[in-house]
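Everything below belongs to data-v2.cif, which stores mmCIF, C-alpha atoms.
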```cif
data_my_file
#
loop_
_atom_site.label_atom_id
_atom_site.label_comp_id
_atom_site.auth_asym_id
_atom_site.auth_seq_id
_atom_site.Cartn_x
_atom_site.Cartn_y
_atom_site.Cartn_z
CA MET A 20 9.71 131.50 73.96
CA LYS A 21 11.42 131.52 70.58
CA PHE A 22 13.32 128.72 68.91
CA LEU A 23 16.07 130.10 66.67
CA ARG A 24 18.42 128.18 64.43
CA MET A 25 21.69 129.30 62.94
CA LYS A 26 21.75 128.67 59.21
CA PRO A 27 24.47 129.14 56.62
CA GLY A 28 23.62 132.01 54.31
CA HIS A 29 20.82 133.27 56.55
CA GLY A 30 22.00 134.03 60.04
CA GLU A 31 19.42 132.87 62.52
CA VAL A 32 15.95 131.81 61.43
CA LEU A 33 12.88 131.60 63.62
CA LEU A 34 11.74 127.99 63.80
CA THR A 35 8.74 128.50 66.02
CA GLU A 36 7.61 130.43 69.04
CA GLY A 37 5.00 129.96 71.69
CA ASP A 38 3.99 130.19 75.29
CA PRO A 39 5.23 127.12 77.19
CA GLY A 40 2.32 127.66 79.57
CA SER A 41 -0.11 126.89 76.79
CA GLU A 42 -0.66 123.19 76.20
CA VAL A 43 -1.01 123.58 72.45
CA ASP A 44 2.08 125.77 72.15
CA GLU A 45 4.14 123.52 74.37
CA GLU A 46 3.27 120.49 72.29
CA ARG A 47 4.54 122.30 69.21
CA LEU A 48 7.68 123.44 71.01
CA VAL A 49 8.46 119.94 72.25
CA GLU A 50 7.99 118.53 68.77
CA GLU A 51 10.27 121.13 67.21
CA PHE A 52 12.87 120.66 69.93
CA ARG A 53 13.01 116.92 69.26
CA ARG A 54 13.15 117.46 65.52
CA GLN A 55 16.16 119.75 65.83
CA LEU A 56 18.04 117.36 68.09
CA ASP A 57 17.20 114.50 65.75
CA GLU A 58 18.80 116.52 62.96
CA GLY A 59 21.98 116.65 64.99
CA MET A 60 21.67 120.16 66.35
CA TRP A 61 22.88 121.29 69.74
CA ALA A 62 20.57 123.53 71.75
CA ALA A 63 21.70 126.30 74.08
CA VAL A 64 19.96 128.93 76.15
CA PRO A 65 21.80 132.23 76.64
CA THR A 66 21.68 133.19 80.29
CA GLU A 67 22.67 136.09 82.49
CA HIS A 68 23.58 135.60 86.12
CA PRO A 69 21.19 137.84 88.08
CA SER A 70 23.72 139.15 90.59
CA SER A 71 27.03 139.26 88.70
CA GLY A 72 25.59 139.97 85.26
CA ARG A 73 27.84 137.25 83.90
CA ARG A 74 26.69 135.99 80.52
CA GLU A 75 27.04 132.39 79.47
CA ALA A 76 25.06 129.65 77.80
CA LEU A 77 23.32 126.60 79.11
CA MET A 78 23.38 123.53 76.89
CA VAL A 79 20.06 121.70 76.98
CA ARG A 80 19.62 118.13 75.87
CA ASP A 81 15.98 117.76 76.77
CA TYR A 82 13.01 120.08 76.52
CA ALA A 83 12.50 119.73 80.27
CA ASP A 84 15.99 121.20 80.84
CA ILE A 85 15.00 124.58 79.38
CA PRO A 86 14.80 127.11 82.23
CA PRO A 87 11.21 128.30 82.66
CA GLN A 88 12.19 131.95 82.25
CA ALA A 89 14.14 131.34 79.02
CA GLU A 90 13.08 133.63 76.19
CA ARG A 91 14.88 131.78 73.43
CA VAL A 92 16.66 128.58 72.59
CA ILE A 93 19.36 128.69 69.94
CA PHE A 94 19.98 125.60 67.86
CA PHE A 95 23.31 125.25 66.12
CA PRO A 96 25.19 122.46 64.35
CA ARG A 97 27.15 120.18 66.63
CA ALA A 98 30.89 120.54 66.83
CA SER A 99 33.22 118.32 64.92
CA GLY A 100 36.98 118.24 64.65
CA GLY A 101 38.21 120.62 62.00
CA MET B 4 50.38 102.20 -16.51
CA LEU B 5 50.03 105.84 -15.50
CA LEU B 6 46.58 105.92 -16.98
CA ALA B 7 45.58 102.83 -15.02
CA LEU B 8 46.78 104.38 -11.78
CA LEU B 9 44.91 107.57 -12.54
CA VAL B 10 41.71 105.64 -13.22
CA MET B 11 42.11 103.71 -9.96
CA ALA B 12 42.63 106.94 -8.03
CA VAL B 13 39.50 108.49 -9.54
CA VAL B 14 37.47 105.38 -8.72
CA ALA B 15 38.81 105.31 -5.14
CA LEU B 16 37.96 109.01 -4.71
CA ALA B 17 34.48 108.45 -6.10
CA LEU B 18 33.91 105.67 -3.56
CA ALA B 19 35.48 107.55 -0.62
CA VAL B 20 33.58 110.84 -0.97
CA PRO B 21 30.05 109.47 -0.27
CA LEU B 22 31.40 107.42 2.63
CA GLY B 23 33.03 110.47 4.15
CA VAL B 24 29.90 112.59 3.68
CA ARG B 25 27.79 109.85 5.32
CA ALA B 26 30.19 109.58 8.26
CA GLY B 27 30.14 113.35 8.73
CA ARG B 28 26.34 113.43 8.74
CA ALA B 29 26.20 110.61 11.27
CA GLN B 30 28.65 112.42 13.51
CA ARG B 31 26.67 115.67 13.34
CA ALA B 32 23.41 113.83 14.05
CA ALA B 33 24.95 112.09 17.06
CA GLY B 34 26.20 115.41 18.37
CA GLN B 35 22.77 117.03 18.01
CA SER B 36 21.16 114.05 19.70
CA ARG B 37 23.62 114.25 22.60
CA ARG B 38 22.90 117.95 22.97
CA ARG B 39 19.16 117.28 22.97
CA ARG B 40 19.49 114.52 25.56
CA SER B 41 21.79 116.38 27.93
CA PRO B 42 19.87 118.62 30.37
CA ALA B 43 20.26 122.34 30.16
CA PRO B 44 23.15 123.53 32.30
CA ARG B 45 21.87 124.20 35.81
CA PRO B 46 22.31 127.71 37.04
CA GLU B 47 25.05 127.75 39.65
CA LEU B 48 23.96 128.88 43.08
CA GLY B 49 27.16 130.82 43.28
CA TYR B 50 28.41 133.19 45.89
CA ASP B 51 26.02 136.03 46.59
CA PRO B 52 27.92 138.68 48.54
CA GLY B 53 24.71 140.53 49.40
CA ARG B 54 23.13 137.45 50.91
CA GLU B 55 26.26 136.58 52.87
CA ARG B 56 26.53 140.15 54.13
CA ARG B 57 22.93 140.17 55.32
CA ALA B 58 23.47 136.81 57.02
CA GLU B 59 26.55 138.15 58.77
CA GLN B 60 24.68 141.24 59.93
CA ARG B 61 21.99 139.07 61.48
CA ALA B 62 24.63 136.87 63.07
CA ARG B 63 26.36 139.90 64.58
CA GLN B 64 23.09 141.06 66.11
CA LEU B 65 22.49 137.63 67.60
CA LEU B 66 26.02 137.49 69.01
CA ARG B 67 25.63 140.96 70.47
CA SER B 68 22.41 139.96 72.19
CA CYS B 69 24.07 136.98 73.88
CA VAL B 70 27.45 138.22 75.12
CA ASN B 71 28.10 141.07 77.53
CA GLU B 72 28.99 144.61 76.50
CA GLU B 73 32.72 144.13 77.02
CA GLU B 74 32.83 140.94 74.97
CA TRP B 75 30.85 142.54 72.19
CA ALA B 76 33.19 145.54 72.11
CA MET B 77 36.18 143.18 72.05
CA TYR B 78 34.81 141.29 69.07
CA ARG B 79 33.80 144.46 67.27
CA ASP B 80 37.19 146.12 67.80
CA LEU B 81 39.59 143.19 67.65
CA GLY B 82 37.78 140.50 65.67
CA PHE B 83 37.96 137.79 68.34
CA LEU B 84 36.59 136.92 71.78
CA ARG B 85 38.34 135.83 74.93
CA VAL B 86 36.56 133.17 76.95
CA ALA B 87 37.77 132.10 80.37
CA GLY B 88 38.48 128.44 80.92
CA ARG B 89 35.91 126.90 83.21
CA ALA B 90 38.19 124.46 85.02
CA THR B 91 40.04 125.95 87.95
CA ALA B 92 43.75 125.34 88.35
CA GLY B 93 43.46 123.28 91.48
CA ARG B 94 40.52 121.16 92.43
CA GLY B 95 39.12 122.22 95.74
CA SER B 96 41.21 125.34 95.63
CA ALA B 97 39.71 128.52 96.93
CA LEU B 98 41.14 130.29 93.89
CA ALA B 99 38.31 130.68 91.42
CA ALA B 100 40.34 132.54 88.83
CA PRO B 101 40.91 130.40 85.74
CA GLY B 102 44.46 129.43 84.95
CA TYR B 103 43.81 129.56 81.23
CA ALA B 104 41.55 131.15 78.68
CA TYR B 105 40.66 130.83 75.03
CA LEU B 106 40.83 133.12 72.05
CA VAL B 107 37.87 132.50 69.79
CA TYR B 108 38.29 133.48 66.15
CA PRO B 109 35.69 133.11 63.40
CA HIS B 110 36.34 130.00 61.30
CA LYS B 111 39.74 129.43 62.87
CA PRO B 112 40.93 127.17 65.66
CA ILE B 113 40.29 128.06 69.29
CA VAL B 114 43.56 128.96 71.01
CA ALA B 115 44.17 128.14 74.68
CA PHE B 116 46.61 130.38 76.52
CA VAL B 117 47.70 131.41 80.02
CA PRO B 118 46.43 134.96 80.69
CA ASP B 119 49.10 135.77 83.29
CA SER B 120 52.09 134.87 81.15
CA GLY B 121 50.64 134.97 77.65
CA ARG B 122 52.01 131.48 77.07
CA LEU B 123 50.23 129.73 74.21
CA LEU B 124 49.07 126.23 75.14
CA SER B 125 47.37 124.61 72.19
CA GLU B 126 44.95 125.13 69.35
CA TYR B 127 41.67 123.28 69.05
CA CYS B 128 40.40 122.79 65.53
CA VAL B 129 36.64 122.66 65.63
CA GLU B 130 33.87 123.36 63.13
CA PHE B 131 30.09 123.59 63.23
CA PRO B 132 29.09 122.35 59.78
CA ASP B 133 25.38 122.42 58.97
CA MET B 134 24.78 119.31 56.90
CA HIS B 135 21.09 120.07 56.32
CA GLY B 136 21.43 123.15 54.18
CA ASP B 137 21.47 123.70 50.42
CA GLY B 138 25.09 122.70 50.09
CA ASN B 139 26.53 125.62 51.98
CA THR B 140 27.63 124.17 55.32
CA ARG B 141 29.51 127.19 56.65
CA LEU B 142 27.83 129.42 59.23
CA PRO B 143 28.31 133.19 59.04
CA ALA B 144 31.49 134.26 60.83
CA SER B 145 29.72 135.71 63.87
CA ASP B 146 27.49 132.65 64.20
CA ASP B 147 30.63 130.52 64.26
CA VAL B 148 32.00 132.67 67.08
CA LEU B 149 28.71 132.49 68.96
CA ALA B 150 28.56 128.71 68.55
CA LYS B 151 32.05 128.43 70.04
CA TRP B 152 31.19 130.86 72.83
CA MET B 153 27.99 128.95 73.73
CA ALA B 154 29.76 125.61 73.60
CA LEU B 155 32.71 126.79 75.72
CA THR B 156 30.63 128.57 78.34
CA SER B 157 28.09 125.77 78.68
CA ASP B 158 29.95 122.53 78.10
CA GLU B 159 33.64 123.21 77.66
CA SER B 160 34.77 119.61 77.97
CA ARG B 161 32.28 118.47 75.33
CA VAL B 162 33.43 120.89 72.64
CA ILE B 163 37.10 120.49 73.50
CA GLY B 164 36.58 116.73 73.39
CA GLN B 165 35.20 117.03 69.85
CA ALA B 166 38.06 119.21 68.64
CA ASN B 167 41.37 118.13 67.17
CA MET B 168 44.09 119.42 69.44
CA HIS B 169 47.44 120.57 68.09
CA LEU B 170 50.33 122.67 69.24
CA VAL B 171 49.85 126.29 68.28
CA GLY B 172 51.29 126.82 64.84
CA ARG B 173 49.51 124.13 62.86
CA GLN B 174 46.89 126.49 61.43
CA LEU B 175 47.52 129.76 63.21
CA ASP B 176 50.72 131.74 63.16
CA PRO B 177 51.94 131.92 66.80
CA ALA B 178 53.42 135.36 66.15
CA ARG B 179 50.03 136.60 65.05
CA VAL B 180 48.32 135.12 68.11
CA ARG B 181 50.90 136.77 70.39
CA ARG B 182 50.28 140.03 68.57
CA ASP B 183 46.53 139.58 69.18
CA LEU B 184 47.21 139.07 72.89
CA TRP B 185 49.22 142.28 72.87
CA ARG B 186 46.41 144.07 71.02
CA LEU B 187 43.99 142.73 73.62
CA SER B 188 46.07 144.03 76.53
CA GLU B 189 46.41 147.43 74.83
CA TRP B 190 42.70 147.49 74.15
CA GLU B 191 41.94 146.74 77.79
CA ARG B 192 44.43 149.33 78.97
CA ARG B 193 42.76 151.96 76.78
CA ARG B 194 39.36 150.98 78.12
CA GLY B 195 40.74 151.14 81.62
CA ALA B 196 39.16 147.85 82.40
CA GLY B 197 42.29 145.98 83.32
CA SER B 198 42.27 142.23 83.19
CA SER B 199 38.82 140.86 83.81
CA VAL B 200 39.12 137.33 82.57
CA GLY B 201 37.28 135.83 85.48
CA ALA B 202 34.86 138.64 86.14
CA HIS B 203 32.78 138.57 82.98
CA GLY B 204 33.27 135.10 81.68
CA GLY B 205 35.47 136.29 78.89
#
```
When written as C-alpha coordinates, how does the structure in this file appear?
Amino acid sequence: MKFLRMKPGHGEVLLTEGDPGSEVDEERLVEEFRRQLDEGMWAAVPTEHPSSGRREALMVRDYADIPPQAERVIFFPRASGG
Amino acid sequence: MLLALLVMAVVALALAVPLGVRAGRAQRAAGQSRRRRSPAPRPELGYDPGRERRAEQRARQLLRSCVNEEEWAMYRDLGFLRVAGRATAGRGSALAAPGYAYLVYPHKPIVAFVPDSGRLLSEYCVEFPDMHGDGNTRLPASDDVLAKWMALTSDESRVIGQANMHLVGRQLDPARVRRDLWRLSEWERRRGAGSSVGAHGG
(Lines of atoms letter the chains of each structure in order from A and count residues from 1; the text may use other names and numbers.)
(Lines give C-alpha, C1' and ligand atoms only; values in the text may rest on other atoms or scores of the structure.)
Protein backbone atom coordinates (compact mmCIF):
# COMPACT_ATOMS: atom_id res chain seq x y z
CA MET A 1 0.00 0.00 0.00
CA LYS A 2 1.25 3.46 -0.93
CA PHE A 3 0.65 6.72 0.88
CA LEU A 4 0.63 9.63 -1.57
CA ARG A 5 0.28 13.31 -0.79
CA MET A 6 -0.68 16.12 -3.10
CA LYS A 7 1.83 18.94 -2.89
CA PRO A 8 1.92 22.37 -4.51
CA GLY A 9 4.65 22.54 -7.11
CA HIS A 10 5.18 18.77 -7.12
CA GLY A 11 2.02 16.88 -7.90
CA GLU A 12 1.80 13.83 -5.70
CA VAL A 13 4.74 12.67 -3.62
CA LEU A 14 5.23 9.22 -2.16
CA LEU A 15 5.24 9.46 1.62
CA THR A 16 5.78 5.82 2.39
CA GLU A 17 4.74 2.39 1.26
CA GLY A 18 4.54 -1.00 2.84
CA ASP A 19 2.70 -4.23 3.32
CA PRO A 20 -0.04 -3.80 5.93
CA GLY A 21 0.33 -7.51 6.66
CA SER A 22 3.83 -6.92 7.95
CA GLU A 23 3.97 -5.72 11.54
CA VAL A 24 6.95 -3.46 10.94
CA ASP A 25 5.45 -1.92 7.80
CA GLU A 26 2.07 -1.44 9.41
CA GLU A 27 3.61 0.39 12.34
CA ARG A 28 5.26 2.79 9.92
CA LEU A 29 2.05 3.23 7.94
CA VAL A 30 0.01 3.95 11.07
CA GLU A 31 2.56 6.49 12.22
CA GLU A 32 2.58 8.26 8.86
CA PHE A 33 -1.20 8.20 8.66
CA ARG A 34 -1.48 9.91 12.04
CA ARG A 35 1.18 12.44 11.13
CA GLN A 36 -0.67 13.47 7.99
CA LEU A 37 -3.99 13.86 9.79
CA ASP A 38 -2.26 15.82 12.53
CA GLU A 39 -0.99 18.17 9.83
CA GLY A 40 -4.58 18.79 8.81
CA MET A 41 -4.71 16.55 5.76
CA TRP A 42 -7.75 14.63 4.61
CA ALA A 43 -7.22 11.05 3.51
CA ALA A 44 -9.15 9.31 0.75
CA VAL A 45 -8.97 5.92 -0.92
CA PRO A 46 -9.99 5.76 -4.59
CA THR A 47 -12.34 2.85 -5.10
CA GLU A 48 -14.06 1.06 -7.94
CA HIS A 49 -17.35 -0.72 -7.45
CA PRO A 50 -16.73 -4.33 -8.53
CA SER A 51 -20.00 -4.84 -10.39
CA SER A 52 -20.88 -1.40 -11.82
CA GLY A 53 -17.33 -0.17 -12.30
CA ARG A 54 -18.37 3.08 -10.67
CA ARG A 55 -15.41 5.07 -9.41
CA GLU A 56 -15.54 7.14 -6.27
CA ALA A 57 -13.48 7.86 -3.19
CA LEU A 58 -13.78 6.77 0.39
CA MET A 59 -12.79 9.29 3.02
CA VAL A 60 -10.92 7.65 5.88
CA ARG A 61 -10.47 9.23 9.27
CA ASP A 62 -8.71 6.36 10.95
CA TYR A 63 -6.09 3.89 9.77
CA ALA A 64 -8.48 1.06 10.63
CA ASP A 65 -10.99 2.47 8.11
CA ILE A 66 -8.68 1.80 5.15
CA PRO A 67 -10.12 -1.09 3.13
CA PRO A 68 -7.78 -4.09 3.30
CA GLN A 69 -7.51 -4.29 -0.49
CA ALA A 70 -6.64 -0.59 -0.90
CA GLU A 71 -3.50 -0.02 -2.94
CA ARG A 72 -3.08 3.63 -2.09
CA VAL A 73 -4.26 6.36 0.21
CA ILE A 74 -4.18 9.93 -1.07
CA PHE A 75 -3.67 12.74 1.41
CA PHE A 76 -4.76 16.21 0.43
CA PRO A 77 -5.27 19.52 2.21
CA ARG A 78 -8.63 19.91 3.89
CA ALA A 79 -11.25 22.08 2.29
CA SER A 80 -11.86 25.62 3.38
CA GLY A 81 -14.24 28.27 2.14
CA GLY A 82 -12.76 30.17 -0.76
CA MET B 1 31.64 98.35 4.84
CA LEU B 2 31.80 96.30 1.66
CA LEU B 3 35.22 95.06 2.64
CA ALA B 4 33.94 94.00 6.05
CA LEU B 5 31.10 92.05 4.49
CA LEU B 6 33.48 90.38 2.08
CA VAL B 7 35.79 89.37 4.92
CA MET B 8 32.86 87.97 6.90
CA ALA B 9 31.70 85.96 3.88
CA VAL B 10 35.17 84.50 3.37
CA VAL B 11 35.42 83.57 7.05
CA ALA B 12 31.95 81.98 6.99
CA LEU B 13 32.87 79.99 3.87
CA ALA B 14 36.13 78.86 5.46
CA LEU B 15 34.21 77.59 8.49
CA ALA B 16 31.39 75.98 6.47
CA VAL B 17 33.50 73.97 4.02
CA PRO B 18 35.16 71.63 6.58
CA LEU B 19 31.82 71.11 8.31
CA GLY B 20 30.17 70.17 5.03
CA VAL B 21 33.00 67.81 4.09
CA ARG B 22 32.79 66.15 7.53
CA ALA B 23 29.01 65.75 7.23
CA GLY B 24 29.38 64.22 3.77
CA ARG B 25 31.97 61.72 5.00
CA ALA B 26 29.76 60.75 7.93
CA GLN B 27 26.82 60.22 5.60
CA ARG B 28 28.86 58.05 3.23
CA ALA B 29 30.24 56.01 6.13
CA ALA B 30 26.75 55.45 7.52
CA GLY B 31 25.55 54.32 4.11
CA GLN B 32 28.42 51.85 3.75
CA SER B 33 27.78 50.55 7.24
CA ARG B 34 24.09 50.07 6.48
CA ARG B 35 24.96 48.20 3.31
CA ARG B 36 27.38 45.98 5.22
CA ARG B 37 24.82 45.25 7.92
CA SER B 38 21.91 44.52 5.62
CA PRO B 39 21.87 40.89 4.42
CA ALA B 40 22.41 40.14 0.79
CA PRO B 41 19.14 40.15 -1.12
CA ARG B 42 17.63 36.67 -0.96
CA PRO B 43 17.08 35.02 -4.28
CA GLU B 44 13.36 34.98 -5.01
CA LEU B 45 11.86 31.53 -5.37
CA GLY B 46 9.89 32.87 -8.26
CA TYR B 47 7.61 31.13 -10.66
CA ASP B 48 9.23 28.21 -12.43
CA PRO B 49 7.02 27.27 -15.37
CA GLY B 50 8.92 24.02 -15.92
CA ARG B 51 8.37 22.90 -12.35
CA GLU B 52 4.69 23.83 -12.43
CA ARG B 53 4.25 22.03 -15.74
CA ARG B 54 5.84 18.86 -14.41
CA ALA B 55 3.67 19.06 -11.29
CA GLU B 56 0.57 19.44 -13.44
CA GLN B 57 1.57 16.46 -15.57
CA ARG B 58 1.90 14.31 -12.47
CA ALA B 59 -1.42 15.60 -11.18
CA ARG B 60 -3.13 14.73 -14.46
CA GLN B 61 -1.79 11.19 -14.28
CA LEU B 62 -3.06 10.82 -10.72
CA LEU B 63 -6.48 12.17 -11.67
CA ARG B 64 -6.65 9.83 -14.65
CA SER B 65 -5.86 6.86 -12.44
CA CYS B 66 -8.72 7.68 -10.06
CA VAL B 67 -11.68 8.63 -12.27
CA ASN B 68 -13.33 6.49 -14.92
CA GLU B 69 -12.57 6.69 -18.64
CA GLU B 70 -15.56 8.90 -19.42
CA GLU B 71 -14.74 11.39 -16.67
CA TRP B 72 -11.13 11.54 -17.75
CA ALA B 73 -12.13 12.19 -21.36
CA MET B 74 -14.54 14.89 -20.19
CA TYR B 75 -11.82 16.67 -18.24
CA ARG B 76 -9.29 16.28 -21.03
CA ASP B 77 -11.67 17.60 -23.69
CA LEU B 78 -13.71 20.16 -21.79
CA GLY B 79 -11.56 21.20 -18.84
CA PHE B 80 -14.06 20.29 -16.12
CA LEU B 81 -15.73 17.28 -14.51
CA ARG B 82 -19.36 16.57 -13.79
CA VAL B 83 -20.06 14.83 -10.51
CA ALA B 84 -23.51 13.56 -9.60
CA GLY B 85 -25.04 14.78 -6.37
CA ARG B 86 -25.20 11.99 -3.84
CA ALA B 87 -28.46 12.97 -2.17
CA THR B 88 -31.54 11.67 -3.92
CA ALA B 89 -34.46 13.99 -4.59
CA GLY B 90 -36.85 12.25 -2.26
CA ARG B 91 -35.92 10.35 0.82
CA GLY B 92 -37.13 6.81 0.62
CA SER B 93 -37.92 7.27 -3.02
CA ALA B 94 -37.26 4.42 -5.36
CA LEU B 95 -35.75 6.91 -7.79
CA ALA B 96 -32.00 6.67 -7.41
CA ALA B 97 -31.20 9.22 -10.09
CA PRO B 98 -29.77 12.40 -8.58
CA GLY B 99 -31.79 15.54 -8.97
CA TYR B 100 -28.68 17.67 -9.22
CA ALA B 101 -25.04 17.49 -10.17
CA TYR B 102 -21.90 19.55 -9.91
CA LEU B 103 -19.48 21.02 -12.39
CA VAL B 104 -15.97 20.86 -11.01
CA TYR B 105 -13.48 23.36 -12.41
CA PRO B 106 -9.83 23.71 -11.43
CA HIS B 107 -9.33 26.55 -8.95
CA LYS B 108 -12.85 27.84 -9.43
CA PRO B 109 -16.05 27.37 -7.46
CA ILE B 110 -18.04 24.15 -7.74
CA VAL B 111 -21.33 24.80 -9.54
CA ALA B 112 -24.51 22.90 -8.64
CA PHE B 113 -27.08 22.51 -11.39
CA VAL B 114 -30.12 20.47 -12.41
CA PRO B 115 -29.11 18.08 -15.22
CA ASP B 116 -32.62 17.75 -16.65
CA SER B 117 -33.30 21.46 -17.04
CA GLY B 118 -29.81 22.92 -16.96
CA ARG B 119 -30.93 25.29 -14.23
CA LEU B 120 -28.00 26.67 -12.25
CA LEU B 121 -28.50 26.35 -8.50
CA SER B 122 -25.53 27.80 -6.67
CA GLU B 123 -21.77 28.04 -6.60
CA TYR B 124 -19.66 26.69 -3.77
CA CYS B 125 -16.38 28.47 -3.21
CA VAL B 126 -13.92 26.00 -1.78
CA GLU B 127 -10.13 25.72 -1.72
CA PHE B 128 -7.60 23.13 -0.63
CA PRO B 129 -4.68 25.26 0.55
CA ASP B 130 -1.57 23.40 1.68
CA MET B 131 -0.24 25.41 4.59
CA HIS B 132 2.82 23.18 5.10
CA GLY B 133 4.65 23.94 1.91
CA ASP B 134 7.40 26.40 1.02
CA GLY B 135 5.00 29.30 0.68
CA ASN B 136 3.19 28.01 -2.36
CA THR B 137 -0.19 26.86 -1.08
CA ARG B 138 -1.88 26.21 -4.42
CA LEU B 139 -2.17 22.65 -5.68
CA PRO B 140 -1.70 21.92 -9.38
CA ALA B 141 -4.94 22.41 -11.31
CA SER B 142 -5.65 18.70 -11.77
CA ASP B 143 -4.91 17.97 -8.11
CA ASP B 144 -7.46 20.63 -7.19
CA VAL B 145 -10.02 18.89 -9.40
CA LEU B 146 -9.16 15.50 -7.93
CA ALA B 147 -9.44 16.86 -4.38
CA LYS B 148 -12.92 18.18 -5.18
CA TRP B 149 -13.89 14.92 -6.89
CA MET B 150 -12.70 12.82 -3.93
CA ALA B 151 -14.40 15.09 -1.42
CA LEU B 152 -17.70 15.16 -3.34
CA THR B 153 -17.84 11.43 -4.04
CA SER B 154 -16.85 10.42 -0.52
CA ASP B 155 -18.28 13.03 1.81
CA GLU B 156 -20.36 15.52 -0.13
CA SER B 157 -21.98 17.15 2.88
CA ARG B 158 -18.62 17.72 4.54
CA VAL B 159 -17.05 19.59 1.64
CA ILE B 160 -20.22 21.49 0.83
CA GLY B 161 -20.46 22.39 4.51
CA GLN B 162 -16.95 23.87 4.37
CA ALA B 163 -17.64 25.89 1.23
CA ASN B 164 -19.03 29.39 0.97
CA MET B 165 -22.27 29.19 -0.96
CA HIS B 166 -23.38 31.94 -3.31
CA LEU B 167 -25.78 32.37 -6.16
CA VAL B 168 -24.13 31.61 -9.47
CA GLY B 169 -22.56 34.77 -10.77
CA ARG B 170 -20.42 35.82 -7.85
CA GLN B 171 -17.21 34.39 -9.28
CA LEU B 172 -18.32 32.55 -12.38
CA ASP B 173 -20.11 34.04 -15.34
CA PRO B 174 -23.50 32.25 -15.58
CA ALA B 175 -23.42 32.60 -19.37
CA ARG B 176 -20.12 30.78 -19.47
CA VAL B 177 -21.41 28.00 -17.20
CA ARG B 178 -24.48 27.58 -19.41
CA ARG B 179 -22.19 27.43 -22.42
CA ASP B 180 -20.16 24.72 -20.66
CA LEU B 181 -23.35 22.74 -20.06
CA TRP B 182 -24.13 23.06 -23.75
CA ARG B 183 -20.59 21.97 -24.64
CA LEU B 184 -21.03 19.01 -22.31
CA SER B 185 -24.29 17.94 -23.96
CA GLU B 186 -22.71 18.29 -27.41
CA TRP B 187 -19.69 16.33 -26.26
CA GLU B 188 -21.91 13.54 -24.95
CA ARG B 189 -23.97 13.54 -28.12
CA ARG B 190 -20.81 13.16 -30.20
CA ARG B 191 -19.63 10.33 -28.00
CA GLY B 192 -23.03 8.74 -28.29
CA ALA B 193 -23.10 8.19 -24.60
CA GLY B 194 -26.22 10.16 -23.84
CA SER B 195 -26.78 11.39 -20.34
CA SER B 196 -25.12 9.15 -17.82
CA VAL B 197 -25.07 11.30 -14.75
CA GLY B 198 -26.15 8.54 -12.43
CA ALA B 199 -24.48 5.64 -14.17
CA HIS B 200 -20.83 6.52 -13.68
CA GLY B 201 -20.85 8.81 -10.74
CA GLY B 202 -20.15 11.81 -12.86
Near chain B, meaning an atom within 7 Å, which residues of chain A appear when counting only C-alpha atoms? Write them as a tab-separated table (two decimals) with C-alpha atoms, keeping the file's coordinate frame.
```tsv
chain	number	residue	atom	x	y	z
A	25	MET	CA	21.69	129.30	62.94
A	26	LYS	CA	21.75	128.67	59.21
A	27	PRO	CA	24.47	129.14	56.62
A	28	GLY	CA	23.62	132.01	54.31
A	29	HIS	CA	20.82	133.27	56.55
A	30	GLY	CA	22.00	134.03	60.04
A	31	GLU	CA	19.42	132.87	62.52
A	63	ALA	CA	21.70	126.30	74.08
A	65	PRO	CA	21.80	132.23	76.64
A	73	ARG	CA	27.84	137.25	83.90
A	74	ARG	CA	26.69	135.99	80.52
A	75	GLU	CA	27.04	132.39	79.47
A	76	ALA	CA	25.06	129.65	77.80
A	77	LEU	CA	23.32	126.60	79.11
A	78	MET	CA	23.38	123.53	76.89
A	95	PHE	CA	23.31	125.25	66.12
A	96	PRO	CA	25.19	122.46	64.35
A	97	ARG	CA	27.15	120.18	66.63
A	98	ALA	CA	30.89	120.54	66.83
A	99	SER	CA	33.22	118.32	64.92
A	100	GLY	CA	36.98	118.24	64.65
A	101	GLY	CA	38.21	120.62	62.00
```
Which residues would end up in the selection if the PyMOL selection byres ((chain A and resi 60) around 7) were applied here, given that I need the answer as an NGL selection string? :A and (55-56 or 58-59 or 61-62 or 94-97)
Would you compute the distance between atom CA of B:Trp75 and atom CA of A:Ile85? Give it in Å to one decimal.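 Atom-to-atom, atom CA of B:Trp75 and atom CA of A:Ile85 are spaced 25.0 Å apart.
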Which residues fall under the PyMOL selection byres ((chain A and resi 51) around 12) in this file, as a ChimeraX atom specification? /A:21-24,33-37,44-50,52-58,60,62,81-82,92,94
Gap from atom CA of B:Met77 to atom CA of A:Gln88 - Å, one decimal: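 Interatomic distance here is 28.4 Å.
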Would you compute the distance between atom CA of B:Leu84 and atom CA of B:Val107? Give it in Å to one decimal.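 It comes out at 5.0 Å.
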Using only C-alpha atoms, can you list as a ChimeraX atom specification the residues within 9 Å of (46.3, 126.5, 60.9)? /B:111-112,126,128,171-176
Same residues, C-alpha atoms, output as a tab-separated table (two decimals), in the coordinates of the input:
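Result file is part-v1.tsv:
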```
chain	number	residue	atom	x	y	z
B	111	LYS	CA	39.74	129.43	62.87
B	112	PRO	CA	40.93	127.17	65.66
B	126	GLU	CA	44.95	125.13	69.35
B	128	CYS	CA	40.40	122.79	65.53
B	171	VAL	CA	49.85	126.29	68.28
B	172	GLY	CA	51.29	126.82	64.84
B	173	ARG	CA	49.51	124.13	62.86
B	174	GLN	CA	46.89	126.49	61.43
B	175	LEU	CA	47.52	129.76	63.21
B	176	ASP	CA	50.72	131.74	63.16
```
Which polymer residues, whether protein, DNA or RNA, lie within 6 Å of the coordinate (10.9, 128.3, 74.6) when you count all atoms listed in the file? List them as a short mmCIF file (atom, residue, chain, number, x, y, z; two decimals) with C-alpha atoms, keeping the file's coordinate frame, using the chain letters and numbers from the file.
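Resulting contents of out21.cif:
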```cif
data_model
loop_
_atom_site.label_atom_id
_atom_site.label_comp_id
_atom_site.auth_asym_id
_atom_site.auth_seq_id
_atom_site.Cartn_x
_atom_site.Cartn_y
_atom_site.Cartn_z
CA MET A 20 9.71 131.50 73.96
CA LYS A 21 11.42 131.52 70.58
CA GLU A 90 13.08 133.63 76.19
CA ARG A 91 14.88 131.78 73.43
#
```
List the spatial neighbours of stretch 178-189 of chain B as a ChimeraX atom specification - criterion: any atom at most 10 Å away, all atoms listed in the file, same-chain residues fewer than 2 positions off excluded. /B:77,80-85,106,114,116,118,121-123,171-172,175-176,191-198
